[in-house]
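S.K.: The structure under discussion is supplied below as structure tokens; questions concerning it will follow.
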Amino acid sequence: MARPAKRTTLREVAEATGLSTAAVSYALRGKQVSKETEERVRRAAAELGYEADPIARALASGRTSMVGVLAGDLSDLWQQQLMAAIGRELLACDRYALTVDAGGDPHRELALAKQLRDQRVDALLVSPVDPSAEEWAALAEALPIVAVGDSLQKARTAGQVIFDNRAGIDAVLEYLYGLGHRRVTVLTPTRPSTPDRPADVYVSEAAGRLGLRTELVPCPQELGEATAVARRVLEGPRPATAVFCFSDSLAYGVYAAAAEVSLEVGRDVSVVGFDDHPVSRVLTPPLTTVGWGQAGIAAEAARLTVAAIEGRRVRRKRILCAPRMSERGSAVRV
């Protein structure tokens with residue numbers, strides 16, 4: 001059996017250039033040497049096939065260049081898209097996303113967060129399932145954490161990119177109220193074990209102010225499961241005239257369920273989503289939904305994460321994302 005090719009060492013690059021290993025190391029990192037020296041070292045490294053040993057580099061610097069990206073639930077199509085966008089933004093900064101999925105389970109979420117900490121990721125970027133969990137405080141002491149979506153209420157985070165859910169929920173419920181709806185079912189991915197998620201609380205507050213009757217119904221993000229829950233909602237004894245979904249993925253389940261029971265979205269039942277996934281524009285009818293500016297979210301989350309890793313001060317550690325409603329054909333007047 002052939003032996004694996006021997007890795008070219010930093011010392012061999014130093015010998016080829018007549019420099020010290022320290023000077024070669026600085027040149028490869030673009031630090032403390034002239035541009036001419038940097039180019040000469042990089043040229044020699046390329047000719048010799050030198051590649052930095054990631055383990056040695058991590059031991060020397062205390063960094064792995066890995067960022068733990070903890071998704072709340074990748075059954076949600078919009079979260080899939082967001083996590084991919086965050087990964088691209090981190091890669092542009094020479095950081096690598098180690099993306100894991102909590103699957104909507106708060107216990108699994110914390111177990112994964114601790115595992116990523118133990119694997120010595122440089123930082124943790126999390127879209128929390130349970131933002132009020134006590135354990136976030138200790139995790140934030142161990143490594144930089146950037147929260148996306150909801151703030152971690154009991155932790156000192158390195159940064160936050162927060163959705164203004166209160167404004168988004170107000171906008172949707174006021175919109176439905178203006179269309180004449182007085183009974184609205186709200187499909188939420190929140191599990192019964194975490195009933196105090198901010199968005200769920202805001203629904204009750206807005207409904208009370210408007211005089212709406214709302215019912216919060218837990219609903220999985222996976223299409224088949226969401227369809228089953230939505231069908232039970234639509235076939236109830238007194239179904240609501242409108243369904244507000246806390247993700248577009250949940251709204252797709254309502255569309256599927258409506259087709260199964262011979263109801264027409266935009267005529268027999270109104271549906272509004274959250275997140276504005278691209279698929280929502282090509283449905284029949286197109287889905288009325290609320291967007292947050294995904295590209296900006298990913299860029300800000302990566303910026304705050306990299307700044308925390310590098311120990312740089314930032315002027316704004318808390319970014320509040322405003323909702324933007326796109327009115328289409330899925331919600332109508334009653």
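Numbering starts fresh at 1 for the residues of each chain in the structure tokens, the chains themselves are lettered A, B, ... in the order given, and ligands are numbered from 1 as they appear.
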From segment 157-236 of chain A, collect each residue whose DSSP state is alpha helix (DSSP H) and return the set as a VMD selection string.

M.R.: chain A and resid 165 to 178 198 to 210 223 to 234

S.K.: Can you pull out the residues contacting segment 13-18 of chain A? Cut-off 7 Å, using only C-alpha atoms, and skip same-chain residues under 4 positions away; I want them as a ChimeraX atom specification.

M.R.: /A:9,24,41,44-45

S.K.: Could you write out that same residue set with N, CA, C and O atoms as a short mmCIF file (atom, residue, chain, number, x, y, z; two decimals), in the first residue's frame?

M.R.:
data_model
loop_
_atom_site.label_atom_id
_atom_site.label_comp_id
_atom_site.auth_asym_id
_atom_site.auth_seq_id
_atom_site.Cartn_x
_atom_site.Cartn_y
_atom_site.Cartn_z
N THR A 9 6.54 21.17 5.12
CA THR A 9 6.53 21.87 6.39
C THR A 9 6.87 23.34 6.22
O THR A 9 7.42 23.77 5.19
N VAL A 24 8.41 33.49 7.76
CA VAL A 24 7.55 32.82 6.78
C VAL A 24 6.10 32.79 7.28
O VAL A 24 5.16 33.03 6.53
N VAL A 41 7.42 34.59 -0.43
CA VAL A 41 7.10 33.44 0.41
C VAL A 41 5.89 32.69 -0.15
O VAL A 41 5.89 31.45 -0.22
N ALA A 44 6.95 30.63 -3.14
CA ALA A 44 7.71 29.44 -2.75
C ALA A 44 6.79 28.39 -2.14
O ALA A 44 6.92 27.19 -2.41
N ALA A 45 5.84 28.84 -1.31
CA ALA A 45 4.90 27.91 -0.68
C ALA A 45 4.06 27.20 -1.74
O ALA A 45 3.82 25.98 -1.65
#

S.K.: So that I can see what lies close to segment 210-216 of chain A, please list as an NGL selection string the residues with an atom at most 12 Å from it, counting only C-alpha atoms and leaving out residues fewer than 4 positions away in the same chain.

M.R.: :A and (169-178 or 180-192 or 195 or 199-206 or 233 or 238-246)

S.K.: Any chance you could export the current selection's N, CA and C atoms as a CSV table (one decimal), in the first residue's frame?

M.R.:
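Final file, out-v2.csv:
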chain,number,residue,atom,x,y,z
A,169,ILE,N,-46.2,41.2,13.8
A,169,ILE,CA,-47.4,40.6,14.2
A,169,ILE,C,-48.5,41.7,14.3
A,170,ASP,N,-48.2,42.8,14.8
A,170,ASP,CA,-49.2,43.9,14.7
A,170,ASP,C,-49.6,44.2,13.3
A,171,ALA,N,-48.7,44.2,12.4
A,171,ALA,CA,-49.0,44.5,11.0
A,171,ALA,C,-49.9,43.5,10.4
A,172,VAL,N,-49.6,42.2,10.6
A,172,VAL,CA,-50.5,41.1,10.1
A,172,VAL,C,-51.9,41.2,10.7
A,173,LEU,N,-52.0,41.2,12.0
A,173,LEU,CA,-53.3,41.2,12.6
A,173,LEU,C,-54.1,42.4,12.3
A,174,GLU,N,-53.5,43.6,12.3
A,174,GLU,CA,-54.2,44.8,11.9
A,174,GLU,C,-54.7,44.7,10.4
A,175,TYR,N,-53.9,44.1,9.6
A,175,TYR,CA,-54.2,43.9,8.2
A,175,TYR,C,-55.5,43.0,8.1
A,176,LEU,N,-55.4,41.9,8.8
A,176,LEU,CA,-56.6,40.9,8.8
A,176,LEU,C,-57.8,41.6,9.4
A,177,TYR,N,-57.6,42.3,10.4
A,177,TYR,CA,-58.8,43.0,11.1
A,177,TYR,C,-59.4,44.0,10.0
A,178,GLY,N,-58.5,44.7,9.3
A,178,GLY,CA,-59.0,45.6,8.3
A,178,GLY,C,-59.8,44.9,7.2
A,180,GLY,N,-61.8,42.5,7.7
A,180,GLY,CA,-63.1,42.1,8.3
A,180,GLY,C,-63.0,40.8,9.1
A,181,HIS,N,-61.8,40.2,9.2
A,181,HIS,CA,-61.6,39.0,10.0
A,181,HIS,C,-61.7,39.3,11.5
A,182,ARG,N,-62.4,38.4,12.2
A,182,ARG,CA,-62.5,38.6,13.7
A,182,ARG,C,-62.1,37.3,14.4
A,183,ARG,N,-61.9,36.2,13.7
A,183,ARG,CA,-61.4,35.0,14.3
A,183,ARG,C,-60.2,34.5,13.4
A,184,VAL,N,-59.1,34.4,14.1
A,184,VAL,CA,-57.8,34.1,13.4
A,184,VAL,C,-57.1,32.9,14.1
A,185,THR,N,-56.8,31.9,13.4
A,185,THR,CA,-56.0,30.8,13.9
A,185,THR,C,-54.5,31.1,13.6
A,186,VAL,N,-53.6,31.0,14.6
A,186,VAL,CA,-52.2,31.2,14.5
A,186,VAL,C,-51.5,29.9,14.6
A,187,LEU,N,-50.8,29.5,13.5
A,187,LEU,CA,-50.0,28.3,13.6
A,187,LEU,C,-48.5,28.7,14.0
A,188,THR,N,-48.1,28.1,15.1
A,188,THR,CA,-46.8,28.4,15.6
A,188,THR,C,-45.9,27.2,15.7
A,189,PRO,N,-44.6,27.3,15.4
A,189,PRO,CA,-43.7,26.1,15.6
A,189,PRO,C,-43.3,25.9,17.1
A,190,THR,N,-43.7,26.8,18.0
A,190,THR,CA,-43.4,26.7,19.4
A,190,THR,C,-44.0,25.4,20.0
A,191,ARG,N,-43.2,24.7,20.7
A,191,ARG,CA,-43.7,23.5,21.4
A,191,ARG,C,-44.3,23.9,22.8
A,192,PRO,N,-45.2,23.1,23.3
A,192,PRO,CA,-45.8,23.4,24.6
A,192,PRO,C,-44.8,23.6,25.7
A,195,PRO,N,-43.7,27.9,26.2
A,195,PRO,CA,-44.9,28.7,25.8
A,195,PRO,C,-44.6,30.2,25.9
A,199,ALA,N,-42.9,35.9,20.2
A,199,ALA,CA,-43.9,36.1,19.2
A,199,ALA,C,-45.3,35.6,19.6
A,200,ASP,N,-45.3,34.5,20.4
A,200,ASP,CA,-46.6,33.9,20.8
A,200,ASP,C,-47.2,34.9,21.8
A,201,VAL,N,-46.4,35.5,22.7
A,201,VAL,CA,-46.9,36.5,23.7
A,201,VAL,C,-47.5,37.7,22.9
A,202,TYR,N,-46.8,38.1,21.9
A,202,TYR,CA,-47.2,39.3,21.2
A,202,TYR,C,-48.6,39.1,20.5
A,203,VAL,N,-48.9,37.9,20.1
A,203,VAL,CA,-50.2,37.6,19.4
A,203,VAL,C,-51.3,37.9,20.4
A,204,SER,N,-51.2,37.5,21.6
A,204,SER,CA,-52.2,37.7,22.6
A,204,SER,C,-52.4,39.2,22.9
A,205,GLU,N,-51.3,39.9,23.0
A,205,GLU,CA,-51.3,41.3,23.2
A,205,GLU,C,-52.0,42.1,22.1
A,206,ALA,N,-51.7,41.8,20.9
A,206,ALA,CA,-52.3,42.5,19.7
A,206,ALA,C,-53.7,42.1,19.6
A,233,VAL,N,-57.4,22.0,11.6
A,233,VAL,CA,-57.9,23.4,11.8
A,233,VAL,C,-59.0,23.8,10.8
A,238,ARG,N,-66.0,25.2,14.0
A,238,ARG,CA,-66.1,26.6,13.7
A,238,ARG,C,-64.8,27.1,13.2
A,239,PRO,N,-64.3,26.8,12.0
A,239,PRO,CA,-63.0,27.2,11.6
A,239,PRO,C,-62.9,28.7,11.5
A,240,ALA,N,-61.7,29.2,11.8
A,240,ALA,CA,-61.5,30.7,11.7
A,240,ALA,C,-61.5,31.1,10.2
A,241,THR,N,-61.7,32.3,9.9
A,241,THR,CA,-61.8,32.8,8.5
A,241,THR,C,-60.4,33.1,8.0
A,242,ALA,N,-59.4,33.2,8.9
A,242,ALA,CA,-58.0,33.4,8.5
A,242,ALA,C,-57.0,32.6,9.3
A,243,VAL,N,-55.9,32.2,8.6
A,243,VAL,CA,-54.9,31.5,9.3
A,243,VAL,C,-53.6,32.3,9.1
A,244,PHE,N,-53.0,32.6,10.2
A,244,PHE,CA,-51.7,33.4,10.3
A,244,PHE,C,-50.6,32.4,10.6
A,245,CYS,N,-49.6,32.2,9.8
A,245,CYS,CA,-48.6,31.2,10.0
A,245,CYS,C,-47.3,31.8,10.3
A,246,PHE,N,-46.6,31.4,11.4
A,246,PHE,CA,-45.3,31.9,11.8
A,246,PHE,C,-44.1,31.5,11.0

S.K.: How many Å lie between atom CA of Tyr96 of chain A and atom CA of Ser65 of chain A, rounded to one decimal?

M.R.: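 So the two atoms, atom CA of Tyr96 of chain A and atom CA of Ser65 of chain A, lie 6.1 Å apart.
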
S.K.: Can you tell me which residues surround segment 276-291 of chain A at a distance of at most 6 Å, considering only C-alpha atoms, apart from same-chain residues fewer than 2 positions away, and format the answer as a list in words?

M.R.: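 Residues near the query, excluding close chain neighbours: Trp78, Val272, Gly273, Phe274, Pro323, Arg324, Met325, Ser326, Glu327, Arg328, Gly329 and Ser330 of chain A.
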
S.K.: Let me see the file: selected residues, C-alpha atoms, as a PDB file, in the first residue's frame.

M.R.:
ATOM      1  CA  TRP A  78     -36.559  29.845   5.069  1.00  0.00           C
ATOM      2  CA  VAL A 272     -50.764  35.001   5.757  1.00  0.00           C
ATOM      3  CA  GLY A 273     -47.183  33.821   6.241  1.00  0.00           C
ATOM      4  CA  PHE A 274     -43.986  35.032   7.877  1.00  0.00           C
ATOM      5  CA  PRO A 323     -40.829  43.747   8.879  1.00  0.00           C
ATOM      6  CA  ARG A 324     -41.909  44.339   5.301  1.00  0.00           C
ATOM      7  CA  MET A 325     -45.313  43.014   4.289  1.00  0.00           C
ATOM      8  CA  SER A 326     -45.925  41.848   0.737  1.00  0.00           C
ATOM      9  CA  GLU A 327     -49.672  41.848   0.003  1.00  0.00           C
ATOM     10  CA  ARG A 328     -50.583  39.225  -2.569  1.00  0.00           C
ATOM     11  CA  GLY A 329     -53.677  37.155  -3.246  1.00  0.00           C
ATOM     12  CA  SER A 330     -53.967  34.790  -0.298  1.00  0.00           C
TER      13      SER A 330
END
